[in-house]
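One structure below.
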Amino acid sequence: MRSKDFMSWADDWFGRVMKKGPIGRGLDHLLTDFWTWARVNSLYPLHFGIMCCALEMAAASGARFDAQRLGVIYRSTPRQCDMLLVNGPVSKKLRPDLRRLYDQMSEPKWVVAMGECAISGGPFWNTYSIVEGVDQFIPVDVYIPGCPVRPEAMLEGFMKLQDKIRKERKGALTEEMV
Amino acid sequence: MATAKNRPAKQSDFHVKLARELPPLLDNMPLDFEAKDDWLATMRCDKGAILKLSKILSERFIFEHFSLVTAVDRLDKFELIYHITSYQNHCMLEIRVAVPKDDAKVPSVTPVWGGANWHEREAYDMMGIVFEGHPDPRRILLPQDYLYFPLRKDFNMEGE
């Protein structure tokens, strides 16, 4: 058996036993509280700023408001992120690229629409180049209103998302809810 | 220092030279040449002669800087406004070109001034004026598959 064949065999075996079998379900049942705790305290958003709300995003992660105490640490690649923070008007030209960033994030992932522009288009509503709300092409979990959003409101939104993750109680191995 | 307020209102020698030498080079086309002060002069041009005029201005009168071309919707026609500057001769020239709506095609001046490239793409993007001979005639701000020209007066969001 070559090493490549061994790897695929091992992946198959692992997937069969852990993800679909009773062992995975049992482990999920025992460890769900641990998975949830880990997810709640390590919400990594994508460092992706569109317009002026990105300044509030920077302010919220600065020393005065310190979003990092909630585990919010900005990462620069979507593959390391749990949360997509859309902060600004999404133009029709940006729309496919933002969808691609969302698709590149690994599961589990959550989306936060921050500010009027990301929620509904804001002052640019009903113009020729703006998508009227990011929820037209990405499922959104938390909406944070404001124009721009105050850092306190951002922290409130992050805590709302943490509550949502706590209530979801999803396992890490199986797709089923525990 | 010559600011807009204390600039003398009379035309400069270079404006006199332009007004005298341009019409014979363009088959005595009516130019409506008018000097606003010693810096800015305005004129109009037929849309077929704009490339010839650009070459003359660039090579003979040393207009080295192309500031912008912008498109205006005048309801019965389009109007293109070119701003070009000669820093050597201390002159900015504003050229207005009328473009009929049913045949919105203009020769591109990008071969003469490379700075016209993106401005002409933007004029195409927003107004739908086709610049013939442009090296890269794509949309610049809107998605490539966008169907409308949104700065036209007859564009509305309901019709989209």
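If you're wondering about the labels, chains in the structure tokens are A, B, ... by order shown, residues count from 1 in each chain, ligands from 1 in order shown.
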Exercise answer, chain B residues close to chain A, 10 Å and only C-alpha atoms, as an MDAnalysis selection string: chainID B and resid 141:146 148:151 155:158 160
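Excluding B:Asn117 itself and same-chain residues fewer than 6 positions from it, the residues having an atom within 8 Å of it are Thr110, His134 and Asp136 of chain B, counting only C-alpha atoms.
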(message) Could you list, as a ChimeraX atom specification, every residue within 8 Å of stretch 131-140 of chain A, counting only C-alpha atoms and ignoring same-chain residues fewer than 3 positions away?
(response) /A:86,89-92,95,99,102,110-113,117-121,125-126,143
Write a file of the selected residues as a PDB file, in the first residue's frame, keeping N, CA and C atoms.
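What follows is the written file result.pdb:
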ATOM      1  N   VAL A  86     -19.446  41.865   7.628  1.00  0.00           N
ATOM      2  CA  VAL A  86     -19.662  42.705   6.447  1.00  0.00           C
ATOM      3  C   VAL A  86     -19.968  44.109   6.929  1.00  0.00           C
ATOM      4  N   PRO A  89     -21.469  49.114   2.286  1.00  0.00           N
ATOM      5  CA  PRO A  89     -22.319  48.781   1.148  1.00  0.00           C
ATOM      6  C   PRO A  89     -21.612  47.809   0.206  1.00  0.00           C
ATOM      7  N   VAL A  90     -22.334  46.791  -0.183  1.00  0.00           N
ATOM      8  CA  VAL A  90     -21.776  45.807  -1.113  1.00  0.00           C
ATOM      9  C   VAL A  90     -22.201  46.210  -2.511  1.00  0.00           C
ATOM     10  N   SER A  91     -21.255  46.599  -3.328  1.00  0.00           N
ATOM     11  CA  SER A  91     -21.606  46.968  -4.691  1.00  0.00           C
ATOM     12  C   SER A  91     -21.812  45.705  -5.512  1.00  0.00           C
ATOM     13  N   LYS A  92     -22.449  45.894  -6.663  1.00  0.00           N
ATOM     14  CA  LYS A  92     -22.717  44.729  -7.508  1.00  0.00           C
ATOM     15  C   LYS A  92     -21.430  44.117  -8.030  1.00  0.00           C
ATOM     16  N   ARG A  95     -20.033  41.872  -5.156  1.00  0.00           N
ATOM     17  CA  ARG A  95     -20.879  40.766  -4.714  1.00  0.00           C
ATOM     18  C   ARG A  95     -20.293  39.372  -4.993  1.00  0.00           C
ATOM     19  N   ARG A  99     -19.098  36.717  -1.961  1.00  0.00           N
ATOM     20  CA  ARG A  99     -19.654  35.367  -1.906  1.00  0.00           C
ATOM     21  C   ARG A  99     -18.526  34.335  -1.920  1.00  0.00           C
ATOM     22  N   TYR A 102     -16.970  34.131   1.435  1.00  0.00           N
ATOM     23  CA  TYR A 102     -17.826  33.354   2.334  1.00  0.00           C
ATOM     24  C   TYR A 102     -17.668  31.866   2.057  1.00  0.00           C
ATOM     25  N   TRP A 110     -20.294  31.999  10.652  1.00  0.00           N
ATOM     26  CA  TRP A 110     -21.421  32.893  10.932  1.00  0.00           C
ATOM     27  C   TRP A 110     -21.164  34.209  10.232  1.00  0.00           C
ATOM     28  N   VAL A 111     -22.239  34.903   9.930  1.00  0.00           N
ATOM     29  CA  VAL A 111     -22.128  36.177   9.223  1.00  0.00           C
ATOM     30  C   VAL A 111     -22.781  37.265  10.054  1.00  0.00           C
ATOM     31  N   VAL A 112     -22.084  38.372  10.223  1.00  0.00           N
ATOM     32  CA  VAL A 112     -22.624  39.518  10.933  1.00  0.00           C
ATOM     33  C   VAL A 112     -22.725  40.668   9.935  1.00  0.00           C
ATOM     34  N   ALA A 113     -23.943  41.207   9.766  1.00  0.00           N
ATOM     35  CA  ALA A 113     -24.123  42.390   8.926  1.00  0.00           C
ATOM     36  C   ALA A 113     -24.061  43.602   9.823  1.00  0.00           C
ATOM     37  N   CYS A 117     -25.674  50.009   5.778  1.00  0.00           N
ATOM     38  CA  CYS A 117     -25.380  49.662   4.383  1.00  0.00           C
ATOM     39  C   CYS A 117     -25.401  48.163   4.176  1.00  0.00           C
ATOM     40  N   ALA A 118     -24.823  47.425   5.131  1.00  0.00           N
ATOM     41  CA  ALA A 118     -24.797  45.973   4.962  1.00  0.00           C
ATOM     42  C   ALA A 118     -26.170  45.375   5.214  1.00  0.00           C
ATOM     43  N   ILE A 119     -27.000  46.052   6.039  1.00  0.00           N
ATOM     44  CA  ILE A 119     -28.318  45.505   6.340  1.00  0.00           C
ATOM     45  C   ILE A 119     -29.260  45.723   5.163  1.00  0.00           C
ATOM     46  N   SER A 120     -29.307  46.958   4.649  1.00  0.00           N
ATOM     47  CA  SER A 120     -30.323  47.242   3.639  1.00  0.00           C
ATOM     48  C   SER A 120     -29.819  48.088   2.479  1.00  0.00           C
ATOM     49  N   GLY A 121     -28.570  48.483   2.477  1.00  0.00           N
ATOM     50  CA  GLY A 121     -28.103  49.434   1.474  1.00  0.00           C
ATOM     51  C   GLY A 121     -27.945  50.826   2.023  1.00  0.00           C
ATOM     52  N   TRP A 125     -29.390  53.073  -0.854  1.00  0.00           N
ATOM     53  CA  TRP A 125     -30.486  52.206  -1.270  1.00  0.00           C
ATOM     54  C   TRP A 125     -31.107  52.747  -2.561  1.00  0.00           C
ATOM     55  N   ASN A 126     -31.523  51.838  -3.420  1.00  0.00           N
ATOM     56  CA  ASN A 126     -32.189  52.203  -4.662  1.00  0.00           C
ATOM     57  C   ASN A 126     -31.271  53.001  -5.583  1.00  0.00           C
ATOM     58  N   TYR A 143     -27.647  41.062  12.938  1.00  0.00           N
ATOM     59  CA  TYR A 143     -27.629  42.402  12.348  1.00  0.00           C
ATOM     60  C   TYR A 143     -27.282  43.395  13.445  1.00  0.00           C
TER      61      TYR A 143
END
- Which residues come within 12 Å of A:Ser42, counting only C-alpha atoms, excluding same-chain residues fewer than 2 positions away, as a ChimeraX atom specification? /A:35-40,44-45,67-75,80-83,109,158,161-162,165
Got a sec to tell me which of chain B DSSP assigns to helix (DSSP H, G or I), as a PyMOL selection string?
chain B and resi 13-25+47-59+101-103+116-127
Exercise for the section: Run DSSP on the backbone and give me the residues of chain B it puts in strand (DSSP E), as a PyMOL selection string. Expected result: chain B and resi 34-35+40-45+65-73+77-86+91-100+105-107+130-132
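Between atom CA of A:Gly49 and atom CA of A:Met114 the interatomic distance comes to 10.8 Å.
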Any idea what's packed within 12 Å of A:Lys170, counting only C-alpha atoms, ignoring anything in its chain fewer than 3 positions away? Could you give it as a JSON list (two decimals) with C-alpha atoms, in the first residue's frame?
[["chain", "number", "residue", "atom", "x", "y", "z"],
["A", 25, "ARG", "CA", -22.14, 10.69, 18.05],
["A", 28, "ASP", "CA", -20.13, 14.73, 20.31],
["A", 29, "HIS", "CA", -22.63, 14.04, 23.05],
["A", 30, "LEU", "CA", -19.90, 14.09, 25.65],
["A", 31, "LEU", "CA", -17.87, 16.95, 24.24],
["A", 32, "THR", "CA", -20.49, 19.38, 22.90],
["A", 33, "ASP", "CA", -20.09, 21.70, 25.86],
["A", 34, "PHE", "CA", -16.37, 21.77, 25.18],
["A", 35, "TRP", "CA", -16.80, 22.46, 21.46],
["A", 36, "THR", "CA", -19.32, 25.22, 22.19],
["A", 37, "TRP", "CA", -17.03, 26.78, 24.78],
["A", 38, "ALA", "CA", -14.18, 26.74, 22.29],
["A", 39, "ARG", "CA", -16.26, 28.31, 19.54],
["A", 40, "VAL", "CA", -17.77, 30.96, 21.72],
["A", 107, "GLU", "CA", -17.54, 25.40, 8.65],
["A", 108, "PRO", "CA", -18.86, 26.34, 11.12],
["A", 109, "LYS", "CA", -19.24, 29.97, 10.04],
["A", 164, "LYS", "CA", -26.66, 32.12, 19.48],
["A", 165, "ILE", "CA", -23.70, 29.75, 19.30],
["A", 166, "ARG", "CA", -24.36, 28.63, 22.88],
["A", 167, "LYS", "CA", -27.96, 27.84, 21.99],
["A", 173, "LEU", "CA", -17.83, 15.62, 14.40],
["A", 174, "THR", "CA", -21.36, 14.92, 13.23],
["A", 175, "GLU", "CA", -23.66, 17.27, 11.41],
["A", 176, "GLU", "CA", -26.61, 16.48, 13.69],
["A", 177, "MET", "CA", -27.75, 18.69, 16.49],
["A", 178, "VAL", "CA", -27.09, 17.17, 19.88]]
